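Taking it in order: structure first as structure tokens, then the write-up.
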Amino acid sequence: MRFVTQQTRRLMLLDTASLYFRAYFGVPESVRAPDGTPVNAVRGLLEFIDRLVRDHHPDDLVACMDADWRPQWRVDLIPSYKAHRVAVETESGPDEEEVPDTLSPQVPVIEDVLDALGIARVGVARYEADDVIGTFTGRATGPVDIVTGDRDLYQLVDDARGVRVLYPLKGVGTLQLTDEAWLREKYGVDGAGYADLATLRGDPSDGLPGVPGIGEKTAAKLLAEFGDLAGIMAAVDDPKAKLTPSQRKRLTESRPYVAVAPTVVKVAGDVPLPEVDTALPRAPRDPAALDELAARWGLGGSLNRLLATLET
């Protein structure tokens with residue numbers, strides 16, 4: 001198997017955990033398998049994928065996974081990174097993330113169904129799904145649609161290369177199509193500048209402190225004035241630079257954070273991806289396994305609608 005994208009092919013990359021979390025909270029837990037097990041995240045994700053394929057017609061589709069949701073190399077640089085989301089600390093592998101009790105059992109089912117369908121599913125040890133997405137995006141030679149509820153991936157938006165983020169506002173029926181014009185209007189930066197903005201602003205949901213006293217608007221103004229994070233930090237050492245005394249002081253005190261944060265904030269572009277067939281399947285890879293999964297988990301119309309869409 002191999003990763004193939006041609007100039008005329010559209011690649012869609014799913015931030016899978018982001019989407020099944022949204023499905024879990026967006027579909028009632030009363031949606032259950034015949035044995036009473038909740039399958040709201042499973043069925044909700046299948047419905048998401050069905051709608052995405054129908055509306056956006058990708059030629060290639062990859063479900064990108066968090067093989068390591070909190071890589072140690074990021075924690076080594078910023079120990080607070082996602083620390084508040086750790087449920088169980090482990091010595092031999094990645095710490096376990098806090099996940100709702102009725103969602104955790106659905107994740108293996110999701111993986112089995114994707115595999116039986118033949119939808120490429122890629123996770124790489126020591127990397128987050130964001131990093132897998134970043135590497136696929138960097139290697140693509142055609143347009144790329146990144147489907148995620150995580151704004152961190154705005155940093156990959158690139159109009160020249162046809163890379164945009166489809167951000168779900170309500171399910172996936174209402175998507176915010178994020179391109180560089182939208183980013184400039186909303187944040188005052190382009191895709192490449194978003195990582196610098198996020199570094200300065202910080203992100204409590206990821207345990208990133210940011211530079212105290214520099215919020216989103218101030219960060220955008222500084223980036224507009226000095227070009228990028230390196231330009232801002234160079235201005236700190238320039239007495240003639242247009243920085244207020246408090247900004248200069250806070251940036252100076254935050255040098256240790258600013259020195260390491262970009263490595264944590266920016267998605268990796270050099271993940272060792274496995275060879276994988278990314279082509280959107282037109283028929284299930286393993287029909288027998290899929291039939292068994294459909295019966296056991298009561299996937300019903302959600303799966304049937306997706307199968308019908310894939311066949312067209």
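Following the order of the structure tokens, first chain is A, next is B, and so on, with residues numbered from 1 inside each chain and ligands from 1 in the order they appear.
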Check which residues of region 42-103 of chain A sit at most 9 Å from region 115-119 of chain A using only C-alpha atoms, and return one row each with the closest pair of atoms and their distance in Å to one decimal, ordered by chain and rising number, as CSV.
```
residue,atom,partner,partner_atom,distance
A:Leu61,CA,A:Ile119,CA,6.8
A:Val62,CA,A:Ile119,CA,6.6
A:Ala63,CA,A:Ile119,CA,7.1
```
Write the selection just made, keeping C-alpha atoms, as a PDB file, in the first residue's frame?
```
ATOM      1  CA  LEU A  61      -9.622  10.200   3.115  1.00  0.00           C
ATOM      2  CA  VAL A  62      -7.533   9.528   6.216  1.00  0.00           C
ATOM      3  CA  ALA A  63      -8.817   9.122   9.766  1.00  0.00           C
TER       4      ALA A  63
END
```
Filtered DSSP result for region 4-132 of chain A, state alpha helix (DSSP H), as number ranges by chain:
A: 16-26, 40-56, 72-77, 106-117, 129-132
Using only C-alpha atoms, determine which residues lie at most 7 Å from Arg164 (chain A), disregarding the query and same-chain residues fewer than 4 positions distant; provide the list as a CSV table (one decimal) with N, CA, C and O atoms, in the first residue's frame.
```
chain,number,residue,atom,x,y,z
A,144,VAL,N,-6.3,20.2,0.2
A,144,VAL,CA,-6.4,19.4,1.4
A,144,VAL,C,-7.5,20.1,2.3
A,144,VAL,O,-7.5,21.3,2.5
A,145,ASP,N,-8.5,19.3,2.7
A,145,ASP,CA,-9.5,19.7,3.7
A,145,ASP,C,-9.2,19.0,5.0
A,145,ASP,O,-9.2,17.8,5.1
A,146,ILE,N,-9.0,19.8,6.0
A,146,ILE,CA,-8.7,19.3,7.4
A,146,ILE,C,-10.0,19.5,8.2
A,146,ILE,O,-10.4,20.6,8.4
A,157,VAL,N,-3.4,26.3,7.5
A,157,VAL,CA,-4.2,26.9,6.4
A,157,VAL,C,-3.2,27.6,5.4
A,157,VAL,O,-2.3,28.4,5.8
A,158,ASP,N,-3.4,27.4,4.1
A,158,ASP,CA,-2.5,27.9,3.1
A,158,ASP,C,-3.3,28.0,1.8
A,158,ASP,O,-3.5,27.0,1.1
A,177,LEU,N,-15.7,27.3,6.9
A,177,LEU,CA,-14.6,27.1,6.0
A,177,LEU,C,-13.5,28.1,6.2
A,177,LEU,O,-13.6,29.3,5.9
A,178,THR,N,-12.4,27.6,6.9
A,178,THR,CA,-11.4,28.6,7.3
A,178,THR,C,-10.3,28.6,6.3
A,178,THR,O,-9.6,27.7,6.0
A,179,ASP,N,-10.2,29.8,5.7
A,179,ASP,CA,-9.1,30.1,4.7
A,179,ASP,C,-8.3,31.3,5.3
A,179,ASP,O,-8.6,31.8,6.4
```
May I ask which of the residues A:Arg22, A:Arg51, A:Lys266, A:Arg139 is the closest one to Ala195 (chain A), counting only C-alpha atoms?
A:Lys266
All residues 10 Å or closer to Leu52 (chain A), only C-alpha atoms, same chain fewer than 6 positions away omitted, as a list in words
Met12, Leu14, Leu46, Pro58, Val147, Leu166, Val172, Gly173 and Leu175 of chain A
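Note that CA of Glu128 (chain A) and CA of Thr218 (chain A) are 29.3 Å apart.
With only C-alpha atoms as the atoms that count, the residue of A:Leu306, A:Glu29, A:Pro245, A:Glu292 with the shortest distance to Asp101 (chain A) is A:Glu29.
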Using only C-alpha atoms, the shortest atom-to-atom distance to Thr141 (chain A) among A:Asp66, A:Ala295, A:Ser18, A:Arg9 belongs to A:Arg9
Determine the nearest neighbour of Gly36 (chain A) from the options A:Ser80, A:Thr102, A:Gln176, A:Gln72, counting only C-alpha atoms.
A:Thr102
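From CA of Arg201 (chain A) back to CA of Glu216 (chain A), the distance works out to 5.4 Å.
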Which one of A:Ala125, A:Leu183, A:Leu251, A:Ala261 sits closest to Ala234 (chain A) if you count only C-alpha atoms?
A:Leu251
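Of note, CA of Ser302 (chain A) and CA of Asn40 (chain A) are spaced 10.5 Å apart.
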